[in-house]
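Peer 1: Hey, dropping upload-v9.txt in here, compact mmCIF, C-alpha atoms and all ligand atoms:
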```txt
# COMPACT_ATOMS: atom_id res chain seq x y z
CA MET L 1239 -63.94 -107.77 -144.04
CA LYS L 1240 -67.29 -108.09 -145.77
CA LYS L 1241 -70.16 -109.13 -143.49
CA ILE L 1242 -72.10 -112.29 -144.36
CA VAL L 1243 -75.31 -113.04 -142.44
CA ILE L 1244 -76.67 -116.57 -142.83
CA PHE L 1245 -80.23 -117.53 -141.84
CA THR L 1246 -80.70 -121.28 -141.37
CA GLY L 1247 -83.58 -123.66 -140.73
CA ALA L 1248 -84.10 -127.39 -140.22
CA GLY L 1249 -83.07 -128.19 -143.81
CA ILE L 1250 -79.39 -127.58 -143.10
CA SER L 1251 -79.44 -130.37 -140.50
CA GLU L 1252 -81.41 -132.82 -142.66
CA GLU L 1253 -78.22 -134.33 -144.11
CA SER L 1254 -77.03 -134.91 -140.54
CA GLY L 1255 -80.03 -137.22 -140.13
CA ILE L 1256 -82.23 -134.82 -138.15
CA LYS L 1257 -85.82 -134.63 -139.43
CA THR L 1258 -87.19 -131.31 -140.65
CA PHE L 1259 -90.60 -130.19 -139.38
CA ARG L 1260 -92.89 -129.92 -142.39
CA ALA L 1261 -91.68 -132.57 -144.81
CA SER L 1262 -94.05 -135.47 -145.45
CA ASP L 1263 -92.13 -137.49 -142.82
CA GLY L 1264 -91.46 -134.39 -140.72
CA LEU L 1265 -91.48 -134.02 -136.95
CA TRP L 1266 -94.85 -132.29 -136.93
CA GLU L 1267 -96.36 -135.23 -138.85
CA GLU L 1268 -95.23 -137.53 -136.04
CA PHE L 1269 -95.91 -135.38 -132.99
CA ASN L 1270 -98.77 -133.05 -132.08
CA ILE L 1271 -97.29 -129.54 -131.85
CA ALA L 1272 -99.92 -128.50 -129.28
CA ARG L 1273 -98.85 -131.28 -126.92
CA VAL L 1274 -95.04 -130.97 -127.13
CA ALA L 1275 -94.25 -127.41 -128.27
CA THR L 1276 -96.62 -125.04 -126.47
CA PRO L 1277 -96.85 -123.71 -122.88
CA GLN L 1278 -100.30 -125.35 -122.63
CA GLY L 1279 -98.77 -128.70 -123.57
CA TRP L 1280 -96.19 -128.22 -120.81
CA ARG L 1281 -98.88 -127.43 -118.26
CA GLU L 1282 -101.01 -130.41 -119.31
CA ASP L 1283 -98.26 -133.06 -119.41
CA TYR L 1284 -94.76 -131.76 -118.72
CA LYS L 1285 -93.34 -135.32 -118.51
CA LEU L 1286 -94.44 -135.98 -122.14
CA VAL L 1287 -92.67 -132.76 -123.18
CA LEU L 1288 -89.51 -133.68 -121.24
CA GLY L 1289 -89.54 -137.07 -123.00
CA PHE L 1290 -89.99 -135.54 -126.48
CA TYR L 1291 -87.00 -133.22 -126.09
CA ASN L 1292 -84.88 -135.94 -124.39
CA LYS L 1293 -85.34 -138.12 -127.50
CA LEU L 1294 -84.52 -135.20 -129.82
CA ARG L 1295 -81.49 -134.25 -127.67
CA LYS L 1296 -80.13 -137.82 -127.85
CA LYS L 1297 -80.47 -137.74 -131.68
CA VAL L 1298 -78.55 -134.43 -131.83
CA ILE L 1299 -75.79 -135.74 -129.50
CA ASP L 1300 -75.45 -138.95 -131.55
CA ALA L 1301 -75.43 -137.05 -134.88
CA SER L 1302 -72.74 -134.70 -136.23
CA PRO L 1303 -72.57 -131.43 -138.10
CA ASN L 1304 -72.45 -132.04 -141.87
CA LEU L 1305 -70.28 -130.47 -144.57
CA ALA L 1306 -72.75 -127.60 -144.95
CA HIS L 1307 -72.29 -126.54 -141.30
CA ILE L 1308 -68.53 -126.97 -141.72
CA GLY L 1309 -68.50 -125.01 -144.98
CA LEU L 1310 -70.22 -122.07 -143.28
CA ALA L 1311 -67.68 -122.15 -140.45
CA GLN L 1312 -64.85 -122.09 -143.04
CA LEU L 1313 -66.25 -118.86 -144.54
CA GLU L 1314 -64.98 -117.13 -141.38
CA LYS L 1315 -61.47 -117.27 -142.89
CA ASN L 1316 -62.41 -114.57 -145.41
CA TYR L 1317 -65.59 -112.98 -144.07
CA ASP L 1318 -67.14 -111.63 -140.89
CA VAL L 1319 -69.86 -114.31 -140.56
CA THR L 1320 -72.91 -114.29 -138.28
CA ILE L 1321 -75.34 -117.19 -138.28
CA ILE L 1322 -78.94 -116.62 -137.24
CA THR L 1323 -80.59 -120.00 -136.82
CA GLN L 1324 -84.10 -121.26 -136.13
CA ASN L 1325 -82.53 -124.60 -135.23
CA ILE L 1326 -82.22 -125.77 -131.66
CA ASP L 1327 -79.37 -128.17 -132.41
CA ASN L 1328 -75.75 -127.19 -131.74
CA PHE L 1329 -74.30 -128.25 -135.11
CA HIS L 1330 -73.20 -124.74 -136.14
CA GLU L 1331 -71.17 -124.38 -132.93
CA ARG L 1332 -69.77 -127.93 -133.18
CA ALA L 1333 -68.75 -127.20 -136.81
CA GLY L 1334 -66.70 -124.21 -135.60
CA SER L 1335 -68.94 -121.19 -136.28
CA THR L 1336 -68.12 -118.57 -133.65
CA LYS L 1337 -71.09 -116.19 -133.96
CA VAL L 1338 -74.41 -118.08 -133.74
CA LEU L 1339 -77.70 -116.50 -132.65
CA HIS L 1340 -80.51 -118.96 -131.84
CA LEU L 1341 -84.04 -117.60 -132.38
CA HIS L 1342 -86.00 -120.64 -131.14
CA GLY L 1343 -83.79 -121.79 -128.27
CA GLU L 1344 -81.14 -124.45 -127.72
CA ILE L 1345 -81.71 -128.19 -127.13
CA MET L 1346 -78.59 -128.52 -124.94
CA LYS L 1347 -79.89 -125.92 -122.47
CA SER L 1348 -82.64 -125.87 -119.84
CA ARG L 1349 -84.25 -123.03 -117.90
CA SER L 1350 -86.30 -122.51 -114.79
CA SER L 1351 -90.03 -122.99 -115.44
CA LEU L 1352 -90.65 -119.90 -113.29
CA TYR L 1353 -87.55 -117.69 -113.71
CA PRO L 1354 -86.81 -117.70 -117.51
CA ASP L 1355 -83.47 -115.90 -117.04
CA LEU L 1356 -82.11 -118.85 -115.02
CA ILE L 1357 -80.57 -120.87 -117.89
CA TYR L 1358 -78.37 -123.99 -117.51
CA ASN L 1359 -76.35 -126.32 -119.74
CA ILE L 1360 -77.73 -129.86 -119.83
CA LYS L 1361 -75.07 -132.49 -119.16
CA GLY L 1362 -75.86 -135.64 -121.16
CA SER L 1363 -79.12 -136.18 -122.99
CA LYS L 1364 -81.75 -136.20 -120.23
CA LEU L 1365 -83.67 -133.43 -118.47
CA LYS L 1366 -85.67 -135.25 -115.81
CA ASN L 1367 -88.77 -134.70 -113.71
CA GLY L 1368 -87.38 -133.35 -110.42
CA ASP L 1369 -84.41 -131.51 -111.99
CA LYS L 1370 -84.83 -128.09 -110.39
CA CYS L 1371 -83.41 -124.57 -110.76
CA GLU L 1372 -81.61 -122.89 -107.85
CA MET L 1373 -84.99 -121.43 -106.75
CA GLY L 1374 -86.44 -124.93 -106.47
CA PHE L 1375 -88.64 -124.97 -109.59
CA GLN L 1376 -88.77 -127.68 -112.27
CA LEU L 1377 -86.41 -127.12 -115.18
CA ARG L 1378 -87.92 -127.00 -118.70
CA PRO L 1379 -86.27 -127.15 -122.16
CA HIS L 1380 -84.75 -123.77 -123.15
CA ILE L 1381 -86.91 -123.73 -126.30
CA VAL L 1382 -89.21 -120.99 -127.64
CA TRP L 1383 -92.58 -122.72 -127.94
CA PHE L 1384 -95.40 -121.61 -130.20
CA GLY L 1385 -97.09 -118.60 -128.65
CA GLU L 1386 -93.96 -117.57 -126.71
CA LYS L 1387 -91.93 -114.40 -127.41
CA VAL L 1388 -88.88 -114.72 -129.71
CA LYS L 1389 -86.57 -112.71 -127.44
CA ASN L 1390 -83.69 -112.45 -129.97
CA ILE L 1391 -85.72 -111.20 -132.94
CA ASP L 1392 -84.85 -107.49 -132.52
CA ILE L 1393 -81.13 -108.25 -132.35
CA ALA L 1394 -81.53 -110.52 -135.40
CA ASN L 1395 -83.31 -107.79 -137.38
CA GLU L 1396 -80.51 -105.37 -136.46
CA ILE L 1397 -77.81 -107.85 -137.57
CA VAL L 1398 -79.38 -108.55 -140.98
CA SER L 1399 -79.81 -104.82 -141.65
CA THR L 1400 -75.98 -104.47 -141.65
CA ALA L 1401 -75.24 -107.45 -143.96
CA ASP L 1402 -73.16 -107.12 -147.14
CA ILE L 1403 -74.29 -110.60 -148.26
CA PHE L 1404 -77.37 -112.53 -147.00
CA ILE L 1405 -77.79 -116.30 -147.32
CA ILE L 1406 -80.91 -118.36 -146.48
CA ILE L 1407 -80.47 -122.12 -146.10
CA GLY L 1408 -83.06 -124.84 -145.45
CA THR L 1409 -86.12 -123.03 -144.17
CA SER L 1410 -89.72 -123.05 -145.41
CA LEU L 1411 -90.09 -119.44 -144.22
CA ASN L 1412 -93.38 -120.50 -142.62
CA VAL L 1413 -92.87 -119.27 -139.08
CA TYR L 1414 -92.93 -115.61 -138.01
CA PRO L 1415 -91.35 -113.43 -136.76
CA ALA L 1416 -88.25 -115.38 -137.93
CA ALA L 1417 -89.42 -115.53 -141.55
CA GLY L 1418 -89.83 -111.73 -141.50
CA LEU L 1419 -86.06 -111.27 -141.22
CA ILE L 1420 -85.86 -110.96 -145.00
CA ASP L 1421 -87.77 -107.65 -144.76
CA PHE L 1422 -84.84 -106.10 -142.84
CA VAL L 1423 -82.17 -107.08 -145.38
CA PRO L 1424 -80.89 -104.13 -147.44
CA ARG L 1425 -82.51 -104.28 -150.88
CA GLU L 1426 -79.33 -103.70 -152.84
CA ILE L 1427 -77.14 -106.47 -151.39
CA PRO L 1428 -76.74 -109.93 -153.00
CA LYS L 1429 -78.95 -112.61 -151.45
CA TYR L 1430 -78.82 -116.39 -151.92
CA LEU L 1431 -81.35 -119.09 -151.05
CA ILE L 1432 -80.29 -122.75 -150.84
CA ASP L 1433 -83.15 -125.27 -150.82
CA PRO L 1434 -83.75 -128.38 -152.99
CA ASN L 1435 -87.50 -127.66 -153.05
CA ASP L 1436 -89.53 -124.73 -154.35
CA SER L 1437 -89.53 -121.85 -151.88
CA ASN L 1438 -92.42 -119.55 -151.07
CA ILE L 1439 -90.12 -116.54 -151.00
CA CYS L 1440 -91.57 -113.82 -153.19
CA GLU L 1441 -90.35 -110.67 -154.89
CA VAL L 1442 -86.94 -110.27 -153.28
CA ALA L 1443 -84.43 -108.10 -155.14
CA ASN L 1444 -80.96 -109.46 -156.00
CA LEU L 1445 -81.91 -113.04 -155.02
CA THR L 1446 -80.10 -116.06 -156.47
CA ILE L 1447 -81.84 -119.38 -155.84
CA ILE L 1448 -79.56 -122.43 -155.58
CA LYS L 1449 -81.94 -125.39 -155.91
CA GLU L 1450 -79.71 -127.89 -154.15
CA LYS L 1451 -79.46 -129.64 -150.79
CA ALA L 1452 -77.39 -127.74 -148.23
CA ILE L 1453 -74.11 -129.65 -148.60
CA LYS L 1454 -73.96 -129.20 -152.39
CA GLY L 1455 -75.38 -125.67 -152.28
CA VAL L 1456 -72.96 -124.43 -149.62
CA ALA L 1457 -69.99 -125.96 -151.50
CA GLU L 1458 -71.06 -124.22 -154.72
CA LEU L 1459 -71.68 -120.86 -153.05
CA SER L 1460 -68.48 -120.97 -150.95
CA LYS L 1461 -66.46 -121.57 -154.12
CA SER L 1462 -67.91 -118.50 -155.83
CA LEU L 1463 -67.59 -116.33 -152.71
CA THR L 1464 -63.94 -117.36 -152.29
CA LYS L 1465 -63.30 -116.61 -155.98
CA ASP L 1466 -64.73 -113.11 -155.39
CA ILE L 1467 -62.32 -112.62 -152.51
CA VAL L 1468 -59.31 -113.75 -154.56
CA SER L 1469 -60.26 -111.56 -157.54
CA SER L 1470 -60.68 -108.58 -155.19
CA ILE L 1471 -57.13 -109.11 -153.86
CA VAL L 1472 -55.47 -110.06 -157.17
CA PRO L 1473 -57.16 -107.73 -159.73
N1 LIG S 1 -80.89 -129.02 -147.64
C1 LIG S 1 -81.46 -127.79 -147.68
N2 LIG S 1 -82.78 -127.57 -147.45
C2 LIG S 1 -83.53 -128.65 -147.18
C3 LIG S 1 -83.02 -129.96 -147.12
C4 LIG S 1 -81.63 -130.11 -147.37
N3 LIG S 1 -81.05 -131.33 -147.34
N4 LIG S 1 -84.05 -130.81 -146.82
C5 LIG S 1 -85.15 -130.05 -146.69
N5 LIG S 1 -84.86 -128.76 -146.91
C6 LIG S 1 -85.74 -127.59 -146.84
C7 LIG S 1 -87.20 -127.86 -147.14
O1 LIG S 1 -87.45 -127.77 -148.53
C8 LIG S 1 -87.88 -126.73 -146.37
O2 LIG S 1 -87.94 -125.55 -147.15
O3 LIG S 1 -85.71 -127.15 -145.50
C9 LIG S 1 -86.95 -126.51 -145.18
C10 LIG S 1 -87.48 -127.10 -143.89
O4 LIG S 1 -88.67 -126.42 -143.55
P1 LIG S 1 -89.36 -126.71 -142.12
O5 LIG S 1 -89.44 -128.20 -141.92
O6 LIG S 1 -90.59 -125.89 -142.09
O7 LIG S 1 -88.30 -126.18 -141.05
P2 LIG S 1 -88.04 -124.66 -140.65
O8 LIG S 1 -88.28 -123.74 -141.80
O9 LIG S 1 -86.70 -124.63 -140.01
O10 LIG S 1 -89.17 -124.41 -139.52
C11 LIG S 1 -89.13 -123.16 -138.86
O11 LIG S 1 -90.87 -123.92 -137.37
O12 LIG S 1 -91.74 -125.60 -136.11
C12 LIG S 1 -91.02 -124.45 -136.05
O13 LIG S 1 -89.49 -123.89 -134.38
C13 LIG S 1 -89.65 -124.71 -135.50
O14 LIG S 1 -87.61 -123.59 -136.06
C14 LIG S 1 -88.72 -124.28 -136.61
C15 LIG S 1 -89.58 -123.35 -137.44
```
Here is the file; what I need is its structure written in the form of structure tokens.
Peer 2:
Amino acid sequence: MKKIVIFTGAGISEESGIKTFRASDGLWEEFNIARVATPQGWREDYKLVLGFYNKLRKKVIDASPNLAHIGLAQLEKNYDVTIITQNIDNFHERAGSTKVLHLHGEIMKSRSSLYPDLIYNIKGSKLKNGDKCEMGFQLRPHIVWFGEKVKNIDIANEIVSTADIFIIIGTSLNVYPAAGLIDFVPREIPKYLIDPNDSNICEVANLTIIKEKAIKGVAELSKSLTKDIVSSIVP
């Protein structure tokens, strides 16, 4: 089976009603990154941070994966699909994708504020002041904040280097090291970028830009990928 690696950002969840970060009405227009998405912010006012992620978690729980997430999960019928996502929501998993690697953490998980390897599933939408790990320390959101190490980046770079097809969906490619994934993709393989807006991707060989929102773009691309499969079976 051919290997498809798909790199997603906030844009794929926009049609599920979850705000992206850098649009004019984006999350970072509404909230101060330094206060809710950095270790300093946590140290200064951890209850504000808990509240920010509790609100976001409730939105994710109340929302659903959209047809773009579902379309990617369907690709697993004919391809070996791995999703590498910058998103902290669980829509890829809820849509049925079986191989999902999160680079920036997971909203439905918490971890010890002192022992980062102690990771827990959050039941319901709230992580509260006083919720502690087994060592007795306050639990924090299992999110990679600005300035923190992206633990999964080496595995992600390894995965993309073995792709037969590479697809980018809904990311402004603004944040490194995630945005640097493209540098590890084999030059000769077909690459696709789905985004309704202009992208700042530059000089990438074999790149097809599909200037559509995720749902329409994924439907279009899935159709052509499935046609390729059929024509490879029935010459
Ligand atoms: N379908 C596809 N793409 C869309 C849609 C849509 N319906 N709506 C918006 N987009 C595109 C935008 O044009 C933009 O290119 O999605 C991208 C969203 O960019 P950002 O808001 O910057 O989100 P993202 O690229 O995921 O941010 C990366 O930055 O703040 C950190 O950790 C956070 O993981 C996040 C990282």
Peer 1: What's the 8 Å shell around segment 1355-1370 of chain L, counting only C-alpha atoms, without same-chain residues fewer than 6 positions away, as a ChimeraX atom specification?
Peer 2: /L:1285,1288,1292-1293,1295-1296,1299,1346-1349,1376-1380
Peer 1: Would you list the contacts of Ala1457 of chain L as a list in words, taking every protein, DNA or RNA residue within 12 Å and counting all atoms listed in the file, but skipping same-chain residues closer than 3 positions in sequence?
Peer 2: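 Selected residues are Asn1304, Leu1305, Ala1306, His1307, Ile1308, Gly1309, Leu1310, Ala1311, Gln1312, Leu1313, Ile1432, Ile1448, Glu1450, Lys1451, Ala1452, Ile1453, Lys1454, Ser1460, Lys1461, Ser1462, Leu1463 and Thr1464 of chain L.
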Peer 1: Show me which residues are within 6 Å of ligand LIG 1 (chain S) counting all atoms listed in the file, and format the list as a list of chain:residue names.
Peer 2: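 Every residue with an atom at most 6 Å from ligand LIG 1 (chain S) is listed here: L:Gly1247, L:Ala1248, L:Gly1249, L:Ile1250, L:Glu1252, L:Glu1253, L:Thr1258, L:Phe1259, L:Arg1260, L:Ala1261, L:Gln1324, L:Asn1325, L:His1342, L:Ile1407, L:Gly1408, L:Thr1409, L:Ser1410, L:Leu1411, L:Val1413, L:Asp1433, L:Pro1434, L:Asn1435, L:Lys1451, L:Ala1452.
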Peer 1: Please report, as CSV, each residue of segment 1342-1457 of chain L lying at most 10 Å from segment 1263-1277 of chain L, together with the nearest pair of atoms and the separation in Å rounded to one decimal; use all atoms listed in the file, and order rows by chain and ascending residue number.
Peer 2:
```
residue,atom,partner,partner_atom,distance
L:Ile1381,CA,L:Ala1275,CA,8.4
L:Val1382,CA,L:Ala1275,CA,8.2
L:Trp1383,CA,L:Thr1276,CA,4.9
L:Phe1384,CA,L:Thr1276,CA,5.2
L:Gly1385,CA,L:Thr1276,CA,6.8
L:Glu1386,CA,L:Pro1277,CA,7.8
```
Peer 1: Between L:Lys1465, L:Arg1425, L:His1330, L:Lys1297, which one has atoms that come closest to Val1398 of chain L, using only C-alpha atoms?
Peer 2: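 Of L:Lys1465, L:Arg1425, L:His1330, L:Lys1297, the one nearest Val1398 of chain L is L:Arg1425, counting only C-alpha atoms.
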